[in-house]
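**Q** My questions will all concern the structure given below.
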Amino acid sequence: MAALEGMEEADPNFSNLRKLFIRCVALPGVTEESWTEGNKKALDEFIVDTSMTTMVVYLDPKKGLQMEFSMPLQEQGVGHLAKFIRAPGVVITEDNFDMVVQFGTVRGNPVQSKLHEMTCLHAPWVALTTSWERSINDNYTMNMHSYLAKITDNVFKGVGSTVLYIPTEAMQQSAEEACKDKKLIQRLEIVMIHWTDQIKELLNAQKNTEMSNTSGLLEEIDFWGSHSDKLLRVSQQLKKEEVKHIQTILQLSKSLYVQRFCEMAKRIEDGSLQAQSNHSYLSILRKPCEELAQLQLSQVAPKLGTIVSLIRIIWVNSPYYNTRERITALFYKMSNDIIRLCLQTISLDRIFEGYVISSKQVLNDCIQCCRNWKDLYLHALQIHSKYSSKGWGLDQDSIFARADFFVQRFKELLEVCDCQQQFARWENGQQRALPCFGGSQGPDLTRRLLEIESTFHLNLQTLRCEILDIENTTWCNEFNSFCARVKDLEMMMRILITSAFDMMSTVEEGLRLLNIFKPMSSREAIKRTIDEKVEEVYNIFMKEIIMVNKELNQRPGPSSDHMPQLAGQAHWARALKQRIQRPMELLQNSLFLPETDSRKQVFLEVHQTLHFLDELVRRNFSQWSQCLNPEVFKLLEQPLMVRCKDTPTKLDINFDNDLMKLFSELHYWDRLKFEIPHSVNNIYQRREELMGLRERSLLLVRRYNRITEALSPDELTMFRERIRFLDKKIQPGLTKLLWLATGSSNVFITECLLHIDKVQLMVDDYKKSNLTISNLCYQISQTLLLRIDNKTVYRDLDFEKDQKAHQQRHLQVLRSTHREIIDIMIHIYKTFSNDGPEVQEQWAVYTEKVDRMVEEALRSNIKRSMQELSKAINGDSKTSPSPLLRVQVILHKRDPQTSAKVDFSPSIQKLAQIVNNILPQLINTISVIKRVPELLNTRSSQKNSLHINIEQDEEIKKSQIAVATGITANATLLHTYQKTWDKYREIWEINKDNFIQRYQRLNPPVSSFDADIARYTEKANNVQQEETVSNIGFVTLDCSALKSSLVQHCNEWQSKFMQLLSRLACNRLKELNVFLHDNADRWNNLPKTEAQIPLVHEQFAILDKYEVTVKQTVQQMRDGLNEEWVWFQQIMIDSDIMLKNNKEKFKNSFVLSSEQFKKKTENSVQEFNSTGPFGSALNPESALKQIEVFLSQLEDLKQEESTILEGLGFFKIENLPSKTIRTLEKDLHLLQQVWEITKEWNANWNIWKGGQFATLQTDSMENTAQAMFKELHKLQRELKDKNWDIVNDSKNKIDHFRRTIPLIVDLQNPAMRD
């Protein structure tokens, strides 16, 4: 687009060219405003792109102006368009527009426009032109006539008409003149042949419509109407002068095609008369057929009778349409109309979308309609046969074949609908709610049901083919497969139903399941399964009835001990009644269950059982009423409470149990809606009042007893004064107040409850204080004075400092907690401070108890702290100790006269002192805490201090011993680790200066210097590779300082060696330089001198390697050494001549030796092949010795070959190693392996064959034989061309043994030996 815009800006004429195209578009309704930007861009693209040859512009009613680069299809319905055609590859400009662009408009069908243009313009011009050669003109004209004849037929056939093409050139000559032109005659014959074919096709149209399988009566009527019109128009065309003229020309030329054309013309005349007659008779069916097409299926039957009667009228009166074939076809078309009417009402989409009920109704109506049509036909046949002498004679099977087929297809669709209702819960476009199964298997049943639905939906999708196309056989195959799969689903559904009912245990569950599966029981097999399950439900209910009757016979008493005897028995009977009455009601309300003998039997049994239960309840009430005591009020004349006989400190309620039983009986009989007897009605009226008094009395008893139960005997002594006060208050309830005086009794109870609540508050406060003291003691025991953090490793003396700080912090916590305990004790004492001596004595006992609790808490604190320390030092049974202290490993030198040694900082003794002092520090920390009695009584106690008793605890002492033992054991490990550095002792112990002096006197070679320097580099690397941090017990050793010292010593050693090497190299260089200048003429000393030059370079290379600096003069001498040597070699050139004179002699001797060696090698191979140990009769030992001899000879050959190759290589003669020797060596080794396996096999076989069956290890024997067999098999493949007997023989022996092993296993069986 950017290119087009740029072109428009660069060329102002481009816009004018676009406007020229737009002006050429002359279409109705198209103006310049109709051109959108998209249209203009498409036009610009056509102008610019020379590969586009065609552009079409037309107006779309919906989309507006459209542009395409090809002709639109006829289906698009374009009625008027403008076309532009350009010459290929030509650029369009304003100047050449008229020459390179052809444009115009096309109205209607483009083909029809082209035909009109060719007929009116082009064909007359071709007929009149004389500029072409005769042959070209004749051929072109013949092809043009053939083209125009076909396109004319094609265009008018599209509008339902038959038009004969008439060439205009025949009209320009008379018949006599034209018959002399043979080329013209040939062209006219072609046209007449086309006419004949058109007429023949038109006449055959009626046969084609008779053979149509789907057309109906209206189509038949329309066909004969249109057919009559076509024949009439063709007949009129045949009578035209132009056709007669062409016919005359061909007759004069005696053409063979004229007679056949005349016959066809005569048939057109006859066919026209016949078509008019048939159309007139068939027209009487139009109105009833049109009315039939508008009717519903249920309204079709009356109209069918009318149509059948009219068909009989046509049959009897029509002169041409009265043949049995045409009447049969007419009834067949009637069947097609009925089928079409049915198909219009059927929606396959609705069927497969789940509209099952409405679709089934439609399908049933269609089936019924087809059946009504057939019944009407048979009724007409019966009437005709009864009252007409002329036989019916129509092919009934062909008439109803298609209808019967569709009825069968409708039935199959009905089955599809039933399956959707059965397996997919479809109703009218919606699925029924998914059933909810109970029990543990409920989710599994739901999952299986959904799997059935999913499988069914997958199967259903395979049916979406051309269902209502009877010519398509796909449906039959798919439906049969669908039915087979549905049977599988049916079996799955039956299994599902059985599984669901397997969990059924009650009638209610069974009815719920029946209600779920009833809509799914449309198929016969599933319906039978449902009927079986109905019987199972009845059987369950029958069993329930039998169990109720059995309980009635075996258990006459009440169902529970908390219920009274007779009323409980009545309630028990009522429960049995409800037990069977509820299922009975459910069965009665289940209207979907059929009326069967089992149902009647169940209902009869239920009615009998219910009658018996009602009679039992009435009998029990009568018996209870006769046993009532009329003087029940005397039971209320007794005190409210009594003391418990077993525990006098507790109270108990004094309410008569018989009265409680009476109230219970009355309550339950009242619930059963029985009338209360008059003798007990009054006391029953006061039941709520008495029961309320009883509950309040019981509340008083419980609260009093709660106080006494909450206090121990010692605590009861402390609360003695309060208990005595309460006893005085409740004394009237034990002696004076009776149950009859409910008013005064309620006042008494209220007053007593107030005093009890006050005492209860005191007791609760005391208990709460006790609990708080216990919690504070627990807090003391948990506030450890030692802190061990497994994630922290302490350096130097940090551990000791951290523990002291931690102890001081936690000491403040302990003192605060201890002070809180003292405050609580003071608060408690306020309650008992004014009580008597006995209470004060008991308070002293309580104070000692609290003091013991504090002492035990502190002891637990110290003990756990020491245990944590012991665990940190020694670890536990499951884990080793974590690092606690970090110690530096150093190279320590105590004084200048002694040698250094590996030591620890801090020392092992210091570590032991720090850890062992922990317990004394802890004891000293808690020494400030005093005993509780001392703080409460402000006087000293006679007992030992707390810290003294704790320090003497045996378990704490054991922990201290364990800590000391762990430290000792760890010290031993540290000493052992210290010795591991002895391997580097020489690094720091040897005196460096003395060693270097001795080293210089030895005058070592350069390699020794390099090796010694590298050795100390290696030692430094080894030191660096040592573990920097190591854990030994609870100590983490840091060796970084030690490693740094050792590396520094290694660097000093390297420096000493490099300094010595530098001095020696400089001296040697100076000596060599002087020697070269003084001894240039003494070439005999060349080898010795030449060997010194690399030595000097190596010495200086070592110095460069370790970056040792040398003097400038020495460096200059080193740099000029090579030039000096070149100068020195110049005088040696003459000596080389002597060497060349003797070189050729040595070369020839080596070549001769090589040839002799080849012959010697071939002789050795021949000897091996002829005398080698290849036979299986040899002893393995002798064979292996023989192979050793061959191998020894082979080694001699290889040595000799190596010497020859080195000599030839000196003279640069290429000679490859001998392949024969390599092959011989390989064969010898393979043969050696074969004999070694054979030897091993013989040894094993000698052992096995002398053994007993019971002791043979067959598995080991089989594995050994299998391994040897595999090795021999592999060797046999490598030696397949050698044909060595030993290989095959050994393999066969082992294979035979492998096959014998199963027999050996069987012989080991004791049963075989017996």
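By order in the structure tokens, chains are A, B, ...; within a chain, residues start at 1; ligands start at 1, following the order shown.
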I'd like the neighbourhood of Val308 of chain A as a PDB file with C-alpha atoms, in the first residue's frame, where a residue qualifies if any of its atoms comes within 8 Å (using only C-alpha atoms), though same-chain residues fewer than 4 positions away should be ignored.
**A**
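Saved the output as out_0.pdb:
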```pdb
ATOM      1  CA  LEU A 304     -56.307 -40.368   1.119  1.00  0.00           C
ATOM      2  CA  ARG A 312     -59.345 -45.093 -10.060  1.00  0.00           C
ATOM      3  CA  TYR A 377     -55.402 -49.148  -0.433  1.00  0.00           C
ATOM      4  CA  ALA A 380     -60.060 -50.050  -2.222  1.00  0.00           C
TER       5      ALA A 380
END
```
**Q** Neighbouring residues of segment 1172-1178 of chain A were defined as those with any atom within 6 Å, considering only C-alpha atoms; residues of the same chain fewer than 2 positions away were excluded. Please report them as a PDB file with all heavy atoms, in the first residue's frame.
**A**
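Now in part21.pdb:
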```pdb
ATOM      1  N   PHE A1168      52.232 -73.327  11.598  1.00  0.00           N
ATOM      2  CA  PHE A1168      51.113 -73.302  12.547  1.00  0.00           C
ATOM      3  C   PHE A1168      49.871 -73.984  11.967  1.00  0.00           C
ATOM      4  O   PHE A1168      49.201 -74.778  12.650  1.00  0.00           O
ATOM      5  CB  PHE A1168      50.786 -71.844  12.913  1.00  0.00           C
ATOM      6  CG  PHE A1168      49.516 -71.698  13.720  1.00  0.00           C
ATOM      7  CD1 PHE A1168      49.469 -72.108  15.052  1.00  0.00           C
ATOM      8  CD2 PHE A1168      48.371 -71.159  13.143  1.00  0.00           C
ATOM      9  CE1 PHE A1168      48.299 -71.971  15.788  1.00  0.00           C
ATOM     10  CE2 PHE A1168      47.217 -71.030  13.877  1.00  0.00           C
ATOM     11  CZ  PHE A1168      47.171 -71.441  15.212  1.00  0.00           C
ATOM     12  N   ASN A1169      49.586 -73.732  10.705  1.00  0.00           N
ATOM     13  CA  ASN A1169      48.385 -74.318  10.094  1.00  0.00           C
ATOM     14  C   ASN A1169      48.509 -75.824   9.947  1.00  0.00           C
ATOM     15  O   ASN A1169      47.517 -76.545   9.946  1.00  0.00           O
ATOM     16  CB  ASN A1169      48.128 -73.679   8.731  1.00  0.00           C
ATOM     17  CG  ASN A1169      47.680 -72.226   8.854  1.00  0.00           C
ATOM     18  OD1 ASN A1169      47.093 -71.837   9.856  1.00  0.00           O
ATOM     19  ND2 ASN A1169      47.989 -71.417   7.848  1.00  0.00           N
ATOM     20  N   SER A1170      49.756 -76.328   9.790  1.00  0.00           N
ATOM     21  CA  SER A1170      49.933 -77.764   9.556  1.00  0.00           C
ATOM     22  C   SER A1170      50.107 -78.541  10.855  1.00  0.00           C
ATOM     23  O   SER A1170      49.672 -79.689  10.975  1.00  0.00           O
ATOM     24  CB  SER A1170      51.138 -77.994   8.633  1.00  0.00           C
ATOM     25  OG  SER A1170      52.316 -77.465   9.227  1.00  0.00           O
ATOM     26  N   ALA A1183      48.223 -79.282  24.550  1.00  0.00           N
ATOM     27  CA  ALA A1183      47.826 -78.320  23.518  1.00  0.00           C
ATOM     28  C   ALA A1183      48.190 -76.902  23.944  1.00  0.00           C
ATOM     29  O   ALA A1183      48.698 -76.099  23.139  1.00  0.00           O
ATOM     30  CB  ALA A1183      46.330 -78.435  23.259  1.00  0.00           C
ATOM     31  N   TRP A1284      38.131 -75.800  12.839  1.00  0.00           N
ATOM     32  CA  TRP A1284      38.912 -76.455  13.893  1.00  0.00           C
ATOM     33  C   TRP A1284      38.001 -77.408  14.639  1.00  0.00           C
ATOM     34  O   TRP A1284      36.926 -77.038  15.153  1.00  0.00           O
ATOM     35  CB  TRP A1284      39.473 -75.411  14.865  1.00  0.00           C
ATOM     36  CG  TRP A1284      40.527 -74.537  14.212  1.00  0.00           C
ATOM     37  CD1 TRP A1284      41.145 -74.729  13.022  1.00  0.00           C
ATOM     38  CD2 TRP A1284      41.046 -73.321  14.757  1.00  0.00           C
ATOM     39  NE1 TRP A1284      42.048 -73.749  12.757  1.00  0.00           N
ATOM     40  CE2 TRP A1284      42.023 -72.838  13.831  1.00  0.00           C
ATOM     41  CE3 TRP A1284      40.857 -72.609  15.929  1.00  0.00           C
ATOM     42  CZ2 TRP A1284      42.741 -71.677  14.024  1.00  0.00           C
ATOM     43  CZ3 TRP A1284      41.597 -71.454  16.137  1.00  0.00           C
ATOM     44  CH2 TRP A1284      42.514 -70.983  15.194  1.00  0.00           C
ATOM     45  N   ASP A1285      38.424 -78.681  14.746  1.00  0.00           N
ATOM     46  CA  ASP A1285      37.579 -79.715  15.370  1.00  0.00           C
ATOM     47  C   ASP A1285      37.354 -79.436  16.844  1.00  0.00           C
ATOM     48  O   ASP A1285      36.282 -79.752  17.388  1.00  0.00           O
ATOM     49  CB  ASP A1285      38.254 -81.095  15.199  1.00  0.00           C
ATOM     50  CG  ASP A1285      38.281 -81.503  13.737  1.00  0.00           C
ATOM     51  OD1 ASP A1285      37.492 -80.932  12.958  1.00  0.00           O
ATOM     52  OD2 ASP A1285      39.087 -82.383  13.390  1.00  0.00           O
ATOM     53  N   ILE A1286      38.320 -78.892  17.516  1.00  0.00           N
ATOM     54  CA  ILE A1286      38.211 -78.703  18.960  1.00  0.00           C
ATOM     55  C   ILE A1286      37.044 -77.781  19.313  1.00  0.00           C
ATOM     56  O   ILE A1286      36.376 -77.948  20.341  1.00  0.00           O
ATOM     57  CB  ILE A1286      39.551 -78.144  19.521  1.00  0.00           C
ATOM     58  CG1 ILE A1286      39.458 -77.992  21.045  1.00  0.00           C
ATOM     59  CG2 ILE A1286      39.897 -76.832  18.859  1.00  0.00           C
ATOM     60  CD1 ILE A1286      39.182 -79.272  21.756  1.00  0.00           C
TER      61      ILE A1286
END
```
**Q** For Asp229 of chain A, work out the shell of residues within 10 Å, counting only C-alpha atoms and skipping chain neighbours fewer than 4 positions away, then give it as a ChimeraX atom specification.
**A** /A:161,223-225,233-235,272,275-276
**Q** Could you give me, as JSON, numbers by chain, the residues within 7 Å of segment 922-936 of chain A, counting only C-alpha atoms and dropping anything in the same chain fewer than 4 positions from it?
**A** {"A": [785, 811, 815, 822, 847, 848, 851, 918, 940, 941, 946, 947, 951]}
**Q** Pull C-alpha atoms from the residues just selected and write them as a PDB file, in the first residue's frame.
**A**
```pdb
ATOM      1  CA  LEU A 785      20.302 -22.228  82.967  1.00  0.00           C
ATOM      2  CA  LEU A 811      18.350 -16.216  87.104  1.00  0.00           C
ATOM      3  CA  ARG A 815      13.810 -15.174  91.017  1.00  0.00           C
ATOM      4  CA  ILE A 822       5.572 -16.446  97.525  1.00  0.00           C
ATOM      5  CA  THR A 847       3.929 -24.668 103.010  1.00  0.00           C
ATOM      6  CA  GLU A 848       6.453 -27.547 103.220  1.00  0.00           C
ATOM      7  CA  ASP A 851       8.764 -25.827  99.180  1.00  0.00           C
ATOM      8  CA  ILE A 918      29.558 -25.536  84.022  1.00  0.00           C
ATOM      9  CA  SER A 940      15.646 -19.619 109.085  1.00  0.00           C
ATOM     10  CA  SER A 941      14.853 -23.221 108.229  1.00  0.00           C
ATOM     11  CA  LEU A 946      18.264 -25.718  98.119  1.00  0.00           C
ATOM     12  CA  HIS A 947      21.528 -25.593  96.144  1.00  0.00           C
ATOM     13  CA  GLU A 951      24.405 -30.417  94.212  1.00  0.00           C
TER      14      GLU A 951
END
```
**Q** Which residues are near segment 355-366 of chain A? Cut-off 10 Å, only C-alpha atoms, ignore same chain within fewer than 4 positions. Put them as a compact mmCIF listing (two decimals) with N, CA, C and O atoms, in the first residue's frame.
**A**
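Everything below was put into out-v3.txt:
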```
# COMPACT_ATOMS: atom_id res chain seq x y z
N GLN A 296 -52.05 -32.12 8.82
CA GLN A 296 -51.30 -32.83 9.85
C GLN A 296 -51.44 -34.32 9.62
O GLN A 296 -52.35 -34.79 8.91
N LEU A 297 -50.53 -35.09 10.22
CA LEU A 297 -50.55 -36.54 9.99
C LEU A 297 -51.86 -37.16 10.47
O LEU A 297 -52.38 -38.12 9.85
N SER A 298 -52.41 -36.64 11.52
CA SER A 298 -53.65 -37.20 12.05
C SER A 298 -54.85 -36.89 11.16
O SER A 298 -55.92 -37.51 11.29
N ILE A 338 -46.85 -39.40 0.92
CA ILE A 338 -47.09 -39.68 2.34
C ILE A 338 -45.75 -39.75 3.09
O ILE A 338 -45.62 -39.22 4.20
N ILE A 339 -44.77 -40.40 2.47
CA ILE A 339 -43.45 -40.47 3.12
C ILE A 339 -42.86 -39.08 3.27
O ILE A 339 -42.29 -38.74 4.31
N LEU A 341 -44.48 -36.29 3.53
CA LEU A 341 -45.24 -35.62 4.59
C LEU A 341 -44.73 -36.07 5.97
O LEU A 341 -44.61 -35.26 6.90
N CYS A 342 -44.44 -37.36 6.11
CA CYS A 342 -43.90 -37.87 7.38
C CYS A 342 -42.51 -37.30 7.65
O CYS A 342 -42.19 -36.91 8.79
N LEU A 343 -41.69 -37.27 6.60
CA LEU A 343 -40.32 -36.79 6.79
C LEU A 343 -40.28 -35.32 7.17
O LEU A 343 -39.36 -34.86 7.85
N THR A 345 -42.28 -33.88 9.17
CA THR A 345 -42.58 -33.74 10.60
C THR A 345 -41.48 -34.31 11.50
O THR A 345 -41.47 -34.03 12.70
N ILE A 346 -40.58 -35.10 10.90
CA ILE A 346 -39.52 -35.74 11.70
C ILE A 346 -38.30 -34.84 11.71
O ILE A 346 -37.84 -34.39 10.65
N SER A 347 -37.78 -34.59 12.90
CA SER A 347 -36.55 -33.83 13.06
C SER A 347 -35.49 -34.73 13.69
O SER A 347 -35.57 -35.09 14.86
N LEU A 348 -34.54 -35.11 12.87
CA LEU A 348 -33.46 -35.97 13.40
C LEU A 348 -32.63 -35.24 14.45
O LEU A 348 -32.16 -35.84 15.42
N ASP A 349 -32.49 -33.92 14.25
CA ASP A 349 -31.73 -33.16 15.25
C ASP A 349 -32.40 -33.21 16.61
O ASP A 349 -31.74 -33.38 17.65
N ARG A 350 -33.74 -33.09 16.63
CA ARG A 350 -34.45 -33.16 17.91
C ARG A 350 -34.35 -34.55 18.51
O ARG A 350 -34.23 -34.72 19.73
N ILE A 351 -34.37 -35.56 17.66
CA ILE A 351 -34.24 -36.94 18.17
C ILE A 351 -32.89 -37.10 18.85
O ILE A 351 -32.80 -37.62 19.98
N CYS A 370 -48.71 -44.26 7.68
CA CYS A 370 -48.37 -45.23 6.63
C CYS A 370 -49.28 -46.45 6.69
O CYS A 370 -49.69 -46.99 5.64
N ARG A 371 -49.60 -46.86 7.88
CA ARG A 371 -50.50 -48.02 8.01
C ARG A 371 -51.91 -47.66 7.52
O ARG A 371 -52.59 -48.49 6.88
N ASN A 372 -52.37 -46.45 7.81
CA ASN A 372 -53.69 -46.02 7.33
C ASN A 372 -53.73 -45.99 5.81
O ASN A 372 -54.74 -46.38 5.20
N PHE A 406 -39.63 -47.35 5.06
CA PHE A 406 -39.60 -46.20 5.97
C PHE A 406 -40.30 -46.51 7.29
O PHE A 406 -39.90 -46.00 8.33
N VAL A 407 -41.35 -47.34 7.25
CA VAL A 407 -41.99 -47.74 8.52
C VAL A 407 -40.97 -48.47 9.40
O VAL A 407 -40.88 -48.24 10.61
N ARG A 409 -37.78 -48.08 9.23
CA ARG A 409 -36.80 -47.10 9.68
C ARG A 409 -37.36 -46.27 10.84
O ARG A 409 -36.65 -45.94 11.79
N PHE A 410 -38.69 -45.95 10.77
CA PHE A 410 -39.32 -45.21 11.87
C PHE A 410 -39.29 -46.05 13.15
O PHE A 410 -39.06 -45.52 14.24
N LYS A 411 -39.53 -47.34 13.02
CA LYS A 411 -39.48 -48.21 14.19
C LYS A 411 -38.06 -48.24 14.78
O LYS A 411 -37.88 -48.26 16.01
N GLU A 412 -37.07 -48.26 13.90
CA GLU A 412 -35.70 -48.25 14.38
C GLU A 412 -35.39 -46.94 15.10
O GLU A 412 -34.70 -46.93 16.14
N LEU A 413 -35.92 -45.83 14.58
CA LEU A 413 -35.73 -44.55 15.28
C LEU A 413 -36.46 -44.55 16.61
O LEU A 413 -35.99 -43.95 17.59
N LEU A 414 -37.63 -45.21 16.65
CA LEU A 414 -38.32 -45.35 17.94
C LEU A 414 -37.45 -46.10 18.94
O LEU A 414 -37.39 -45.75 20.13
N GLU A 415 -36.77 -47.13 18.47
CA GLU A 415 -35.88 -47.86 19.36
C GLU A 415 -34.72 -46.99 19.82
O GLU A 415 -34.29 -47.07 20.98
N VAL A 416 -34.23 -46.12 18.93
CA VAL A 416 -33.18 -45.19 19.33
C VAL A 416 -33.69 -44.26 20.42
O VAL A 416 -33.00 -43.99 21.41
N CYS A 417 -34.94 -43.78 20.27
CA CYS A 417 -35.53 -42.91 21.30
C CYS A 417 -35.67 -43.66 22.62
O CYS A 417 -35.39 -43.12 23.70
N ASP A 418 -36.15 -44.92 22.53
CA ASP A 418 -36.29 -45.72 23.76
C ASP A 418 -34.93 -45.90 24.44
O ASP A 418 -34.83 -45.84 25.68
N CYS A 419 -33.90 -46.13 23.63
CA CYS A 419 -32.56 -46.30 24.22
C CYS A 419 -32.07 -45.02 24.87
O CYS A 419 -31.43 -45.05 25.93
N GLN A 420 -32.37 -43.87 24.27
CA GLN A 420 -31.99 -42.61 24.90
C GLN A 420 -32.71 -42.42 26.23
O GLN A 420 -32.15 -41.93 27.20
N GLN A 421 -33.98 -42.81 26.24
CA GLN A 421 -34.74 -42.69 27.49
C GLN A 421 -34.25 -43.69 28.52
O GLN A 421 -34.23 -43.43 29.73
N ARG A 425 -31.30 -41.02 30.11
CA ARG A 425 -32.22 -40.23 30.93
C ARG A 425 -32.80 -39.03 30.17
O ARG A 425 -33.17 -38.03 30.76
N TRP A 426 -32.87 -39.12 28.82
CA TRP A 426 -33.42 -38.00 28.07
C TRP A 426 -34.94 -38.04 28.09
O TRP A 426 -35.55 -39.10 27.95
N GLU A 427 -35.56 -36.88 28.22
CA GLU A 427 -37.01 -36.76 28.14
C GLU A 427 -37.36 -35.85 26.96
O GLU A 427 -37.39 -36.31 25.84
N ASN A 428 -37.57 -34.58 27.22
CA ASN A 428 -37.86 -33.61 26.15
C ASN A 428 -36.77 -32.55 26.12
O ASN A 428 -36.93 -31.44 26.62
N GLY A 429 -35.63 -32.92 25.60
CA GLY A 429 -34.52 -31.99 25.49
C GLY A 429 -33.71 -31.84 26.76
O GLY A 429 -32.70 -31.14 26.77
N GLN A 430 -34.13 -32.46 27.84
CA GLN A 430 -33.42 -32.40 29.11
C GLN A 430 -33.30 -33.79 29.70
O GLN A 430 -34.19 -34.62 29.51
N GLN A 431 -32.22 -34.00 30.42
CA GLN A 431 -32.02 -35.26 31.09
C GLN A 431 -32.72 -35.25 32.44
O GLN A 431 -32.78 -34.22 33.12
```
**Q** If you measure from atom CA of Asn874 of chain A to atom CA of Phe1034 of chain A, what distance in Å do you get, rounded to one decimal?
**A**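 If I compute the distance from atom CA of Asn874 of chain A to atom CA of Phe1034 of chain A, I get 7.5 Å.
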**Q** Do a neighbour search on Asn139 of chain A at 12 Å with only C-alpha atoms, toss out local chain neighbours closer than 6 positions, and write the hits as a PyMOL selection string.
**A** chain A and resi 126+132-133+145-146+183-184+186-187
**Q** Given the selection you just returned, output its residues as a file containing N, CA, C and O atoms, formatted as an mmCIF file, in the first residue's frame.
**A**
```cif
data_model
loop_
_atom_site.group_PDB
_atom_site.id
_atom_site.type_symbol
_atom_site.label_atom_id
_atom_site.label_comp_id
_atom_site.auth_asym_id
_atom_site.auth_seq_id
_atom_site.Cartn_x
_atom_site.Cartn_y
_atom_site.Cartn_z
ATOM 1 N N VAL A 126 -18.913 -14.373 -39.658
ATOM 2 C CA VAL A 126 -18.126 -15.510 -40.150
ATOM 3 C C VAL A 126 -18.724 -16.052 -41.431
ATOM 4 O O VAL A 126 -18.017 -16.458 -42.364
ATOM 5 N N TRP A 132 -10.693 -15.200 -45.138
ATOM 6 C CA TRP A 132 -10.007 -16.411 -44.660
ATOM 7 C C TRP A 132 -9.835 -17.409 -45.787
ATOM 8 O O TRP A 132 -10.579 -17.416 -46.783
ATOM 9 N N GLU A 133 -8.915 -18.284 -45.617
ATOM 10 C CA GLU A 133 -8.796 -19.398 -46.546
ATOM 11 C C GLU A 133 -9.983 -20.333 -46.396
ATOM 12 O O GLU A 133 -10.598 -20.409 -45.337
ATOM 13 N N HIS A 145 -20.393 -23.995 -35.192
ATOM 14 C CA HIS A 145 -21.764 -24.522 -35.138
ATOM 15 C C HIS A 145 -21.911 -25.542 -34.023
ATOM 16 O O HIS A 145 -22.928 -25.550 -33.298
ATOM 17 N N SER A 146 -20.927 -26.426 -33.866
ATOM 18 C CA SER A 146 -20.982 -27.428 -32.787
ATOM 19 C C SER A 146 -21.010 -26.741 -31.423
ATOM 20 O O SER A 146 -21.786 -27.102 -30.531
ATOM 21 N N LYS A 183 -18.969 -29.292 -47.812
ATOM 22 C CA LYS A 183 -18.587 -28.856 -46.474
ATOM 23 C C LYS A 183 -19.772 -28.308 -45.710
ATOM 24 O O LYS A 183 -19.952 -28.555 -44.521
ATOM 25 N N LEU A 184 -20.623 -27.564 -46.453
ATOM 26 C CA LEU A 184 -21.830 -27.041 -45.809
ATOM 27 C C LEU A 184 -22.755 -28.173 -45.406
ATOM 28 O O LEU A 184 -23.368 -28.146 -44.321
ATOM 29 N N GLN A 186 -21.921 -31.173 -44.573
ATOM 30 C CA GLN A 186 -21.373 -31.814 -43.360
ATOM 31 C C GLN A 186 -21.717 -31.010 -42.110
ATOM 32 O O GLN A 186 -22.086 -31.569 -41.081
ATOM 33 N N ARG A 187 -21.621 -29.663 -42.248
ATOM 34 C CA ARG A 187 -21.934 -28.840 -41.080
ATOM 35 C C ARG A 187 -23.402 -28.925 -40.728
ATOM 36 O O ARG A 187 -23.779 -28.984 -39.551
#
```
**Q** Would you give me, as a PyMOL selection string, the residues in segment 709-917 of chain A that DSSP reads as alpha helix (DSSP H)?
**A** chain A and resi 709-710+713-718+720-735+742-782+798-832+837-874+908-916
**Q** Leu587 of chain A: which residues within 9 Å, counting only C-alpha atoms, same-chain residues fewer than 5 positions away excluded, as a ChimeraX atom specification?
**A** /A:507-508,511,582,593,599
**Q** Record the distance separating atom CA of Val91 of chain A and atom CA of Thr54 of chain A, expressed in Å with one decimal.
**A**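 For atom CA of Val91 of chain A relative to atom CA of Thr54 of chain A, the distance reads 13.8 Å.
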**Q** Which of segment 22-197 of chain A end up as strand (DSSP E) when DSSP is run on this backbone - answer as a ChimeraX atom specification?
**A** /A:54-60,64-68,80-86,101-107
**Q** Which of these, A:Thr214, A:Thr742, A:Ser277, A:Gln102, has the shortest distance to Arg686 of chain A once you count only C-alpha atoms?
**A**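 The answer is A:Thr742, which sits nearest to Arg686 of chain A.
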